[in-house]
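Participant: This structure is in structure tokens; I'll ask about it shortly.
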Amino acid sequence: MASGLLRISLSPHRNLSFSYDSKSNVHGFGFRSLPQRRRSQRLSKVSGGRAPNFNYFFAKAVDVGAPAKSTPLTEEQQKRGESSVLLDVTGMMCGACVARVKSVLSADKRVESAVVNMVTETAAVRVRPEVVEEAVGESLARKLTECGFPTKERVPGTGVEENVRKWREMAEKKEELLVKSRNRVAFAWALVALCCGSHASHILHSLGIHVGHGSFLELLHNSYVKGGIALAALLGPGRGILFDGLRAFSKGSPNMNSLVGFGSVAAFAISLVSLLNPGLQWEASFFDEPVMLLGFVLLGRSLEERARIKASSDMNELLSLISTRSRLVITSSESDSSADNVLCSDAMCVEVPTDDIRVGDSVLVLPGETIPVDGKVLAGRSVVDESMLTGESLPVFKEVGFVVSAGTINWGGPLRIEASSNGSNSTISKIISMVEDAQGRAAPIQRLADSIAGPFVYIVMTLSAATFTFWYYLGTHIFPDILLNDIAGPDGNPLLLSLKLSVDVLVVSCPCALGLATPTAILVGTSLGAKQGLLIRGGDVLERLASVDYVALDKTGTLTEGKPTLSAVTSLLYEEQEILRIAAAVEKTALHPIAKAIVNKAESLNLTIPITTGQLAEPGFGSLAEVDGRLVAVGSLEWVCDRFQRGTNLSDLKKLENSMMHQLSNEVSLTNHSRTVVYVGREGEGVIGAIAVCDSLRHDAKSVVTRLQKKGIKTILLSGDREEAVATIAKTVGMESESINASLTPQQKSGVIKSLQTAGHRVAMVGDGINDAPSLALADVGIAMQVESQQSAASDAASIILLGNKLSQVVDALDLAQATMAKVYQNLSWAVAYNAVAVPIAAGVLLPHFDFAMTPSLSGGLMALSSIFVVTNSVLLQQLHGSDKNKQS
């Protein structure tokens with residue numbers, strides 16, 4: 001290599017090391033140390049204790065900018081000339097057009113270099129550092145358009161980058177609110193300390209420590225000073241609660257703040273009237289209560305908000321997997337992009353927003369960076385951390401032809417990938433979008449909680465008024481001894497007792513616990529599922545899944561790997577390659593795994609596959625197309641025979657079957673393999689051949705069926721394959737013969753599920769193909785296996801998508817649903833039980849016989865603890881379910 005070369009080698013440490021000769025004119029390199037990740041230690045498991053070394057050579061034309069960050073270029077970087085322009089150029093028909101476009105761009109004095117690609121219809125232009133003009137892209141696009149090449153500047157998109165910015169701004173606002181909440185708590189408890197300071201000498205006396213009353217303590221004993229402290233608490237840290245509660249009440253929808261606000265204001269108002277009008281002889285001065293009440297409530301709110309942020313930490317971790325910047329690789333049309341080199345000699349690498357990446361673009365991903373878009377590896381070797389998709393802790397080896405997903409982390413070496421999606425349609429973006437949607441879908445049980453919480457505040461206000469009325473007019477006369485309790489004051493004032501008990505009822509009740517019981521658990525459950533590769537569409541899905549008692553399983557692609565290989569081809573009249581050739585033509589556009597096996601075998605034999613017309617696929621049966629002027633059908637025997645008026649006689653079919661069995665008998669029979677036979681028929685001839693494909697059973701299929709059965713869940717097998725093949729698989733995984741349903745059409749599969757539902761069962765359906773889509777949509781819970789990060793009809797119809805494409809994730813989803821709903825029921829039980837017990841106690845039900853009564857400040861503390869318990873209990877789902885998952889792994 002005559003030009004100066006840049007060698008990049010990955011050292012065992014976190015930093016990338018660079019070396020280049022003095023003659024190299026490579027410019028613009030600014031690599032920083034790789035981000036430290038939690039999973040970096042896992043590389044040692046793969047490479048025998050040290051990170052693998054990969055050496056790659058980049059030629060002089062390569063210009064790699066700063067690593068892909070989540071923020072756009074700064075103004076300072078742009079001033080240094082680290083700017084580039086991307087143009088979408090149409091109208092290029094040949095190499096001459098490419099040369100013309102490049103010459104027009106290069107002739108512009110503002111352009112330092114340009115690379116044009118006719119295939120992707122893209123031109124990358126690097127602008128000279130001294131150019132400060134902002135509309136360079138528009139000017140160049142206009143110039144090319146005038147030359148006969150309609151061009152538009154590729155403007156930054158507002159998809160994933162804008163969404164990430166909004167998500168992060170929301171998280172920052174929550175943190176800011178938490179800081180403000182802490183400040184209010186500090187202020188409120190400083191006032192509480194002042195209120196309690198007046199009682200400090202009494203506490204010390206009770207402990208045997210005698211101190212004199214100084215002037216400061218005497219000042220704190222002053223009722224006017226206490227009133228001032230209480231007023232400061234109401235208008236200072238408690239102002240937000242009071243105003244929000246009043247606003248909600250004025251709009252006819254009182255909330256928790258209304259109850260706390262009314263209780264605090266009532267206590268302050270009665271104390272103030274008693275202080276300013278001593279002639280009333282109320283002696284009801286309890287200014288300490290509103291101060292302590294607000295202190296406890298604000299402390300509880302702060303702790304609750306902190307727990308809620310903790311509950312959404314899984315979503316924040318998902319957001320951190322989105323890369324909003326990508327390195328777009330532009331190569332010349334004439335260049336020969338070899339898979340041995342990550343970048344060819346005349347490539348240009350430009351940092352752009354991920355939203356600007358389009359399907360077919362080449363993207364460079366360096367070690368330690370997050371892969372920005374879904375794609376296929378074009379060049380390079382590396383190991384990639386896919387734990388966010390599969391839950392598998394060990395990195396996965398990737399090389400040319402392997403599929404990679406956005407949000408996974410490249411660890412080993414540089415990779416050049418071809419984008420199969422843009423940023424907003426990438427796997428990680430869809431996951432986050434669906435998780436957000438899921439967290440917005442309430443479980444049906446939430447409606448029960450909402451129906452209780454709705455009128456709850458009015459009920460509490462009524463109970464508070466009833467409490468005051470009873471104790472003031474009846475209770476103190478029926479039970480006169482209760483006036484000796486401290487709550488009635490030193491002189492046993494019935495007004496003071498009645499007021500305090502009515503305020504207790506207002507404050508101790510907690511509709512927040514009811515409102516938070518379900519959403520917090522659903523938030524944690526759906527986010528935790530996304531981290532484990534379980535994409536759950538809503539809280540209602542979790543509730544239905546937790547009560548499932550039947551799981552229906554498809555065979556091909558679900559119990560089996562879904563990667564069948566062709567094992568035998570037979571024919572009565574034609575050569576085997578002729579049968580394979582026309583079958584591959586029909587199956588060329590089909591998506592079924594069997595179709596792919598036939599096409600792959602034909603391509604591996606370098607057979608010439610003819611062009612077809614009139615393609616028709618009938619899910620669950622087969623495919624039909626016109627090949628060389630005649631219709632050809634590939635599918636099940638009955639379906640192929642029905643396609644043509646002329647059938648095949650039974651003796652010919654018997655010969656065909658015997659020939660197939662003879663070929664298959666030469667192979668080793670394995671119980672963990674499924675064999676499927678499809679038939680090939682042609683117009684005017686009937687059935688002319690048969691093709692056998694073999695699919696391996698998933699390694700975890702038997703253990704999954706066993707685990708489901710141990711949970712008391714019955715399993716059934718629904719398949720369109722012939723009964724012999726289905727029975728073999730069912731027996732291997734441990735299913736009973738009555739659980740087998742073979743040779744089913746998609747409609748018949750739905751019929752089986754419908755009959756189970758009619759009998760009162762809750763059914764989950766697990767499938768992977770378009771023929772499973774009706775059943776997935778009909779089942780109480782549809783679970784789709786996602787193959788190679790591709791969206792399909794199955795995943796569109798399903799309620800849950802298994803991103804890891806592992807059957808064991810079905811059990812993981814069930815465990816998560818049951819654990820989440822257990823938390824929901826615990827939270828609701830606590831919320832209902834707390835209010836059922838606390839409100840009567842606050843109303844004084846224990847006062848006559850047990851001489852026990854709450855104070856408003858104690859009631860406020862209990863109310864705050866009730867909400868904290870609910871949120872914290874939901875957060876525990878992260879630790880408990882996560883630790884159980886790790887133990888199983």
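To be explicit about the labels: the chains of the structure tokens are called A, B, and onward in the order shown, and within each one the residues are counted from 1, while ligands get numbers from 1 in the order they are shown.
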Give me the residues within 9 Å of stretch 478-484 of chain A as an MDAnalysis selection string, counting only C-alpha atoms and dropping any in the same chain fewer than 3 places off.
Facilitator: chainID A and resid 474:475 487:494 497 847:848 851
Participant: Could you give me, as a Markdown table, every stretch 345-432 of chain A residue with an atom at most 10 Å from stretch 103-116 of chain A, plus its closest atom pair and distance in Å to one decimal, counting only C-alpha atoms, rows ordered by chain then number?
Facilitator:
```
| residue | atom | partner | partner_atom | distance |
| --- | --- | --- | --- | --- |
| A:Asp346 | CA | A:Val115 | CA | 8.2 |
| A:Ala347 | CA | A:Val115 | CA | 7.5 |
| A:Met348 | CA | A:Val115 | CA | 6.9 |
```
Participant: List every residue of stretch 553-585 of chain A that has an atom at most 12 Å from any atom of stretch 626-634 of chain A, and for each one report the closest atom pair and its distance in Å to one decimal, counting only C-alpha atoms, with rows sorted by chain and then by increasing residue number, as CSV.
Facilitator:
```
residue,atom,partner,partner_atom,distance
A:Ile579,CA,A:Val634,CA,10.3
A:Leu580,CA,A:Val634,CA,10.6
A:Arg581,CA,A:Val627,CA,10.2
A:Ile582,CA,A:Val627,CA,7.0
A:Ala583,CA,A:Val634,CA,6.4
A:Ala584,CA,A:Val634,CA,9.3
A:Ala585,CA,A:Val627,CA,7.3
```
Participant: Residues of the last selection are to be written out with N, CA, C and O atoms, as a PDB file, in the first residue's frame.
Facilitator:
```
ATOM      1  N   ILE A 579     -36.843 -31.003 -10.434  1.00  0.00           N
ATOM      2  CA  ILE A 579     -37.870 -30.809  -9.400  1.00  0.00           C
ATOM      3  C   ILE A 579     -37.462 -29.678  -8.459  1.00  0.00           C
ATOM      4  O   ILE A 579     -38.270 -28.809  -8.114  1.00  0.00           O
ATOM      5  N   LEU A 580     -36.188 -29.717  -8.064  1.00  0.00           N
ATOM      6  CA  LEU A 580     -35.696 -28.695  -7.139  1.00  0.00           C
ATOM      7  C   LEU A 580     -35.706 -27.317  -7.798  1.00  0.00           C
ATOM      8  O   LEU A 580     -36.029 -26.309  -7.164  1.00  0.00           O
ATOM      9  N   ARG A 581     -35.405 -27.265  -9.077  1.00  0.00           N
ATOM     10  CA  ARG A 581     -35.324 -25.986  -9.792  1.00  0.00           C
ATOM     11  C   ARG A 581     -36.688 -25.295  -9.867  1.00  0.00           C
ATOM     12  O   ARG A 581     -36.817 -24.112  -9.553  1.00  0.00           O
ATOM     13  N   ILE A 582     -37.713 -26.039 -10.280  1.00  0.00           N
ATOM     14  CA  ILE A 582     -39.024 -25.406 -10.408  1.00  0.00           C
ATOM     15  C   ILE A 582     -39.656 -25.142  -9.037  1.00  0.00           C
ATOM     16  O   ILE A 582     -40.399 -24.171  -8.848  1.00  0.00           O
ATOM     17  N   ALA A 583     -39.344 -25.994  -8.050  1.00  0.00           N
ATOM     18  CA  ALA A 583     -39.850 -25.750  -6.691  1.00  0.00           C
ATOM     19  C   ALA A 583     -39.238 -24.481  -6.115  1.00  0.00           C
ATOM     20  O   ALA A 583     -39.927 -23.678  -5.463  1.00  0.00           O
ATOM     21  N   ALA A 584     -37.932 -24.284  -6.342  1.00  0.00           N
ATOM     22  CA  ALA A 584     -37.261 -23.076  -5.854  1.00  0.00           C
ATOM     23  C   ALA A 584     -37.829 -21.834  -6.519  1.00  0.00           C
ATOM     24  O   ALA A 584     -37.927 -20.766  -5.887  1.00  0.00           O
ATOM     25  N   ALA A 585     -38.218 -21.938  -7.797  1.00  0.00           N
ATOM     26  CA  ALA A 585     -38.807 -20.797  -8.486  1.00  0.00           C
ATOM     27  C   ALA A 585     -40.109 -20.371  -7.814  1.00  0.00           C
ATOM     28  O   ALA A 585     -40.375 -19.181  -7.618  1.00  0.00           O
TER      29      ALA A 585
END
```
Participant: List the spatial neighbours of A:Thr706 as an NGL selection string - criterion: any atom at most 9 Å away, only C-alpha atoms, same-chain residues fewer than 5 positions off excluded.
Facilitator: :A and (701 or 711 or 733-734)
Participant: Restricting it to all heavy atoms, dump the selection as a tab-separated table (two decimals), in the first residue's frame.
Facilitator:
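Produced file selection.tsv, reproduced below:
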```
chain	number	residue	atom	x	y	z
A	701	ALA	N	-36.68	-27.13	24.04
A	701	ALA	CA	-38.10	-27.43	23.83
A	701	ALA	C	-38.64	-28.37	24.91
A	701	ALA	O	-39.70	-28.13	25.50
A	701	ALA	CB	-38.30	-28.04	22.45
A	711	LYS	N	-45.99	-26.22	36.25
A	711	LYS	CA	-46.76	-25.06	36.70
A	711	LYS	C	-48.27	-25.33	36.65
A	711	LYS	O	-49.07	-24.46	37.01
A	711	LYS	CB	-46.45	-23.84	35.82
A	711	LYS	CG	-45.10	-23.21	36.07
A	711	LYS	CD	-44.88	-22.05	35.10
A	711	LYS	CE	-43.61	-21.29	35.42
A	711	LYS	NZ	-43.74	-20.49	36.65
A	733	VAL	N	-40.80	-34.22	23.12
A	733	VAL	CA	-40.85	-33.14	24.12
A	733	VAL	C	-41.72	-33.50	25.32
A	733	VAL	O	-41.77	-32.75	26.30
A	733	VAL	CB	-41.37	-31.83	23.50
A	733	VAL	CG1	-40.44	-31.37	22.39
A	733	VAL	CG2	-42.79	-31.97	22.98
A	734	GLY	N	-42.41	-34.64	25.26
A	734	GLY	CA	-43.16	-35.10	26.43
A	734	GLY	C	-44.63	-34.74	26.42
A	734	GLY	O	-45.24	-34.65	27.48
```
Participant: Let me make sure I understand: among A:Thr462, A:Leu803, A:Ala864, A:Asn649, which one has the smallest atom-to-atom distance to A:Leu298 if we use only C-alpha atoms?
Facilitator: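 Of A:Thr462, A:Leu803, A:Ala864, A:Asn649, the one nearest A:Leu298 is A:Ala864, counting only C-alpha atoms.
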Participant: One decimal, Å: what's the distance from atom CA of A:Gly375 over to atom CA of A:Ser604, could you say?
Facilitator: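 About the pair atom CA of A:Gly375 and atom CA of A:Ser604: they are 23.6 Å apart.
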Participant: Just the residues within 12 Å of A:Ser659, please, counting only C-alpha atoms, with nothing from its chain fewer than 4 positions along; format it as a PyMOL selection string.
Facilitator: chain A and resi 568-572+576+652-655+663-666+689-692
Participant: Would you save the residues from that selection as a tab-separated table (two decimals), in the first residue's frame, using all heavy atoms?
Facilitator:
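Final file, out_0.tsv:
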```tsv
chain	number	residue	atom	x	y	z
A	568	ALA	N	-33.93	-34.72	1.10
A	568	ALA	CA	-34.16	-35.69	0.02
A	568	ALA	C	-35.07	-35.07	-1.03
A	568	ALA	O	-35.96	-34.28	-0.72
A	568	ALA	CB	-34.77	-36.98	0.56
A	569	VAL	N	-34.82	-35.44	-2.30
A	569	VAL	CA	-35.67	-35.04	-3.43
A	569	VAL	C	-35.92	-36.29	-4.28
A	569	VAL	O	-34.98	-37.04	-4.58
A	569	VAL	CB	-35.01	-33.95	-4.29
A	569	VAL	CG1	-35.94	-33.57	-5.45
A	569	VAL	CG2	-34.67	-32.73	-3.47
A	570	THR	N	-37.16	-36.50	-4.65
A	570	THR	CA	-37.46	-37.69	-5.46
A	570	THR	C	-38.50	-37.33	-6.52
A	570	THR	O	-39.29	-36.40	-6.34
A	570	THR	CB	-37.98	-38.85	-4.59
A	570	THR	OG1	-38.13	-40.01	-5.39
A	570	THR	CG2	-39.30	-38.49	-3.94
A	571	SER	N	-38.49	-38.07	-7.63
A	571	SER	CA	-39.42	-37.83	-8.73
A	571	SER	C	-39.64	-39.12	-9.49
A	571	SER	O	-38.78	-40.02	-9.51
A	571	SER	CB	-38.89	-36.75	-9.66
A	571	SER	OG	-39.73	-36.59	-10.78
A	572	LEU	N	-40.79	-39.22	-10.15
A	572	LEU	CA	-41.11	-40.40	-10.94
A	572	LEU	C	-40.59	-40.29	-12.37
A	572	LEU	O	-40.20	-41.29	-12.98
A	572	LEU	CB	-42.63	-40.63	-10.95
A	572	LEU	CG	-43.28	-40.89	-9.60
A	572	LEU	CD1	-44.79	-40.99	-9.76
A	572	LEU	CD2	-42.73	-42.15	-8.97
A	576	GLU	N	-33.88	-35.10	-10.25
A	576	GLU	CA	-34.10	-34.43	-8.98
A	576	GLU	C	-33.83	-32.93	-9.08
A	576	GLU	O	-34.54	-32.12	-8.47
A	576	GLU	CB	-33.20	-35.06	-7.91
A	576	GLU	CG	-33.54	-36.50	-7.60
A	576	GLU	CD	-32.60	-37.10	-6.58
A	576	GLU	OE1	-31.68	-36.37	-6.15
A	576	GLU	OE2	-32.78	-38.28	-6.22
A	652	ASP	N	-48.77	-44.42	-8.38
A	652	ASP	CA	-47.64	-43.49	-8.57
A	652	ASP	C	-47.27	-42.80	-7.26
A	652	ASP	O	-46.08	-42.62	-6.96
A	652	ASP	CB	-47.99	-42.45	-9.63
A	652	ASP	CG	-48.02	-43.04	-11.03
A	652	ASP	OD1	-47.46	-44.14	-11.21
A	652	ASP	OD2	-48.61	-42.41	-11.94
A	653	LEU	N	-48.28	-42.42	-6.50
A	653	LEU	CA	-48.00	-41.80	-5.20
A	653	LEU	C	-47.30	-42.77	-4.26
A	653	LEU	O	-46.41	-42.39	-3.49
A	653	LEU	CB	-49.31	-41.31	-4.55
A	653	LEU	CG	-49.96	-40.07	-5.17
A	653	LEU	CD1	-51.27	-39.75	-4.47
A	653	LEU	CD2	-49.01	-38.87	-5.07
A	654	LYS	N	-47.68	-44.06	-4.33
A	654	LYS	CA	-47.04	-45.06	-3.48
A	654	LYS	C	-45.59	-45.24	-3.88
A	654	LYS	O	-44.70	-45.34	-3.01
A	654	LYS	CB	-47.80	-46.40	-3.63
A	654	LYS	CG	-47.39	-47.45	-2.62
A	654	LYS	CD	-47.78	-47.03	-1.21
A	654	LYS	CE	-47.46	-48.12	-0.20
A	654	LYS	NZ	-47.77	-47.70	1.17
A	655	LYS	N	-45.33	-45.26	-5.20
A	655	LYS	CA	-43.95	-45.36	-5.66
A	655	LYS	C	-43.13	-44.16	-5.20
A	655	LYS	O	-41.98	-44.30	-4.80
A	655	LYS	CB	-43.92	-45.46	-7.18
A	655	LYS	CG	-44.44	-46.77	-7.75
A	655	LYS	CD	-44.41	-46.76	-9.27
A	655	LYS	CE	-44.98	-48.04	-9.86
A	655	LYS	NZ	-44.97	-48.00	-11.35
A	663	GLN	N	-34.63	-43.12	0.34
A	663	GLN	CA	-33.57	-42.12	0.48
A	663	GLN	C	-33.39	-41.72	1.95
A	663	GLN	O	-32.26	-41.60	2.43
A	663	GLN	CB	-33.91	-40.87	-0.34
A	663	GLN	CG	-33.81	-41.05	-1.84
A	663	GLN	CD	-33.87	-39.73	-2.57
A	663	GLN	OE1	-33.28	-38.75	-2.12
A	663	GLN	NE2	-34.57	-39.70	-3.71
A	664	LEU	N	-34.50	-41.56	2.66
A	664	LEU	CA	-34.40	-41.14	4.06
A	664	LEU	C	-33.86	-42.24	4.95
A	664	LEU	O	-33.27	-41.96	6.00
A	664	LEU	CB	-35.78	-40.70	4.57
A	664	LEU	CG	-36.38	-39.45	3.92
A	664	LEU	CD1	-37.77	-39.17	4.46
A	664	LEU	CD2	-35.47	-38.23	4.18
A	665	SER	N	-34.04	-43.50	4.56
A	665	SER	CA	-33.56	-44.60	5.39
A	665	SER	C	-32.05	-44.67	5.43
A	665	SER	O	-31.46	-45.27	6.34
A	665	SER	CB	-34.11	-45.93	4.86
A	665	SER	OG	-33.61	-46.19	3.54
A	666	ASN	N	-31.39	-44.05	4.47
A	666	ASN	CA	-29.93	-44.04	4.45
A	666	ASN	C	-29.35	-43.05	5.46
A	666	ASN	O	-28.16	-43.07	5.75
A	666	ASN	CB	-29.42	-43.68	3.05
A	666	ASN	CG	-29.79	-44.75	2.03
A	666	ASN	OD1	-29.88	-45.93	2.36
A	666	ASN	ND2	-30.01	-44.32	0.78
A	689	GLY	N	-43.27	-34.82	-8.10
A	689	GLY	CA	-42.11	-35.03	-7.24
A	689	GLY	C	-42.41	-34.68	-5.79
A	689	GLY	O	-43.49	-34.16	-5.46
A	690	ALA	N	-41.47	-34.99	-4.92
A	690	ALA	CA	-41.60	-34.70	-3.49
A	690	ALA	C	-40.25	-34.27	-2.94
A	690	ALA	O	-39.20	-34.72	-3.42
A	690	ALA	CB	-42.11	-35.93	-2.74
A	691	ILE	N	-40.30	-33.40	-1.94
A	691	ILE	CA	-39.07	-32.88	-1.32
A	691	ILE	C	-39.21	-33.04	0.19
A	691	ILE	O	-40.24	-32.66	0.78
A	691	ILE	CB	-38.85	-31.39	-1.67
A	691	ILE	CG1	-38.71	-31.21	-3.18
A	691	ILE	CG2	-37.63	-30.84	-0.95
A	691	ILE	CD1	-38.64	-29.75	-3.62
A	692	ALA	N	-38.21	-33.62	0.83
A	692	ALA	CA	-38.20	-33.79	2.28
A	692	ALA	C	-37.21	-32.81	2.90
A	692	ALA	O	-36.10	-32.65	2.41
A	692	ALA	CB	-37.81	-35.22	2.65
```
Participant: Could you check the closest approach to A:Leu499 for each of A:Ala813, A:Ile270, A:Cys512, A:Ala99 and tell me which residue wins, using only C-alpha atoms?
Facilitator: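 Of A:Ala813, A:Ile270, A:Cys512, A:Ala99, the one nearest A:Leu499, counting only C-alpha atoms, is A:Ile270.
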Participant: Just the number, please: distance in Å from atom CA of A:Leu650 to atom CA of A:Arg682, one decimal.
Facilitator: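 Separation of atom CA of A:Leu650 and atom CA of A:Arg682: 16.9 Å.
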Participant: List the neighbours of A:Gly782 out to 10 Å using only C-alpha atoms; skip same-chain residues closer than 5 positions along the sequence, and give me the result as number ranges by chain.
Facilitator: A: 541, 545, 551-552, 763-767, 772-777, 794-801
Participant: Okay, now the selection with N, CA, C and O atoms, as a short mmCIF file (atom, residue, chain, number, x, y, z; two decimals), in the first residue's frame?
Facilitator:
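Dumped to result.cif:
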```
data_model
loop_
_atom_site.label_atom_id
_atom_site.label_comp_id
_atom_site.auth_asym_id
_atom_site.auth_seq_id
_atom_site.Cartn_x
_atom_site.Cartn_y
_atom_site.Cartn_z
N VAL A 541 -52.03 -7.33 29.12
CA VAL A 541 -51.40 -8.58 28.65
C VAL A 541 -50.82 -9.35 29.82
O VAL A 541 -50.98 -10.57 29.92
N LEU A 545 -51.90 -13.08 30.89
CA LEU A 545 -50.88 -14.13 30.85
C LEU A 545 -50.73 -14.81 32.20
O LEU A 545 -50.50 -16.02 32.27
N VAL A 551 -51.28 -23.58 26.97
CA VAL A 551 -50.32 -22.99 26.04
C VAL A 551 -50.31 -23.83 24.77
O VAL A 551 -50.00 -25.02 24.81
N ALA A 552 -50.69 -23.20 23.67
CA ALA A 552 -50.68 -23.88 22.37
C ALA A 552 -49.39 -23.53 21.65
O ALA A 552 -49.00 -22.36 21.57
N VAL A 763 -56.02 -19.15 27.09
CA VAL A 763 -55.09 -19.79 26.17
C VAL A 763 -54.03 -18.80 25.70
O VAL A 763 -54.35 -17.68 25.31
N ALA A 764 -52.78 -19.24 25.76
CA ALA A 764 -51.66 -18.51 25.14
C ALA A 764 -51.20 -19.30 23.92
O ALA A 764 -51.06 -20.53 23.99
N MET A 765 -51.00 -18.62 22.82
CA MET A 765 -50.55 -19.25 21.58
C MET A 765 -49.13 -18.79 21.28
O MET A 765 -48.85 -17.59 21.32
N VAL A 766 -48.24 -19.73 20.98
CA VAL A 766 -46.85 -19.41 20.64
C VAL A 766 -46.60 -19.81 19.20
O VAL A 766 -46.79 -20.98 18.83
N GLY A 767 -46.21 -18.86 18.36
CA GLY A 767 -45.95 -19.14 16.95
C GLY A 767 -44.94 -18.18 16.37
O GLY A 767 -44.44 -17.29 17.07
N ASP A 772 -49.57 -18.46 11.58
CA ASP A 772 -49.94 -18.44 13.00
C ASP A 772 -50.64 -17.15 13.40
O ASP A 772 -51.17 -17.06 14.51
N ALA A 773 -50.62 -16.15 12.53
CA ALA A 773 -51.13 -14.83 12.88
C ALA A 773 -52.60 -14.86 13.33
O ALA A 773 -52.93 -14.23 14.34
N PRO A 774 -53.52 -15.57 12.64
CA PRO A 774 -54.91 -15.60 13.12
C PRO A 774 -55.04 -16.17 14.52
O PRO A 774 -55.81 -15.67 15.34
N SER A 775 -54.28 -17.23 14.81
CA SER A 775 -54.34 -17.86 16.13
C SER A 775 -53.74 -16.95 17.19
O SER A 775 -54.26 -16.87 18.32
N LEU A 776 -52.66 -16.28 16.86
CA LEU A 776 -52.03 -15.36 17.80
C LEU A 776 -52.97 -14.21 18.16
O LEU A 776 -53.02 -13.76 19.31
N ALA A 777 -53.71 -13.73 17.17
CA ALA A 777 -54.63 -12.62 17.42
C ALA A 777 -55.84 -13.08 18.22
O ALA A 777 -56.38 -12.33 19.04
N ALA A 794 -46.69 -12.33 12.35
CA ALA A 794 -46.85 -12.95 13.66
C ALA A 794 -46.58 -11.94 14.77
O ALA A 794 -47.35 -11.82 15.73
N SER A 795 -45.49 -11.19 14.66
CA SER A 795 -45.16 -10.22 15.70
C SER A 795 -46.15 -9.06 15.72
O SER A 795 -46.40 -8.47 16.77
N ASP A 796 -46.74 -8.74 14.56
CA ASP A 796 -47.76 -7.69 14.53
C ASP A 796 -49.02 -8.12 15.26
O ASP A 796 -49.70 -7.30 15.88
N ALA A 797 -49.37 -9.41 15.15
CA ALA A 797 -50.60 -9.90 15.76
C ALA A 797 -50.43 -10.28 17.22
O ALA A 797 -51.42 -10.40 17.94
N ALA A 798 -49.19 -10.46 17.67
CA ALA A 798 -48.93 -10.99 19.01
C ALA A 798 -49.03 -9.91 20.09
O ALA A 798 -48.85 -8.73 19.83
N SER A 799 -49.30 -10.37 21.31
CA SER A 799 -49.30 -9.49 22.49
C SER A 799 -47.92 -9.40 23.11
O SER A 799 -47.60 -8.42 23.78
N ILE A 800 -47.12 -10.44 22.92
CA ILE A 800 -45.76 -10.49 23.46
C ILE A 800 -44.84 -10.96 22.34
O ILE A 800 -45.16 -11.89 21.60
N ILE A 801 -43.69 -10.30 22.21
CA ILE A 801 -42.69 -10.69 21.21
C ILE A 801 -41.43 -11.13 21.95
O ILE A 801 -40.93 -10.40 22.81
#
```
Participant: With only C-alpha atoms as the basis for distance, which of A:Gly861, A:Pro746, A:Pro254, A:Pro372 is at the shortest distance from A:Thr354?
Facilitator: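 Of A:Gly861, A:Pro746, A:Pro254, A:Pro372, the one nearest A:Thr354 is A:Pro372, counting only C-alpha atoms.
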Participant: Show which residues sit within 8 Å of A:Leu242, as a list in words. Count only C-alpha atoms, and ignore same-chain residues fewer than 3 positions away.
Facilitator: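 These residues fall inside the cut-off: Leu234, Gly238, Arg239, Gly245, Leu246, Asn257, Ser258, Val260, Gly261 and Phe262 of chain A.
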Participant: Show which residues sit within 9 Å of A:Gly860, as a ChimeraX atom specification. Count only C-alpha atoms, and ignore same-chain residues fewer than 5 positions away.
Facilitator: /A:260,292-297,300,504,507-509,855,865
Participant: Expressed in Å to a single decimal, how great is the separation between atom CA of A:Glu683 and atom CA of A:Phe644?
Facilitator: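 Separation between atom CA of A:Glu683 and atom CA of A:Phe644: 6.2 Å.
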Participant: Using DSSP on the backbone, list every residue of stretch 531-580 of chain A that comes out as strand (DSSP E or B), and give them as a count of residues only.
Facilitator: 16
Participant: Ranking A:Thr613, A:Ser426, A:Asn805, A:Ser420 by minimum distance to A:Ser362 and counting only C-alpha atoms, which one comes first?
Facilitator: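 Ranking A:Thr613, A:Ser426, A:Asn805, A:Ser420 by distance to A:Ser362, first place goes to A:Ser420.
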Participant: I need the residues in stretch 831-887 of chain A that are alpha helix (DSSP H) according to DSSP; give them as a ChimeraX atom specification.
Facilitator: /A:831-842,847-850,856-887
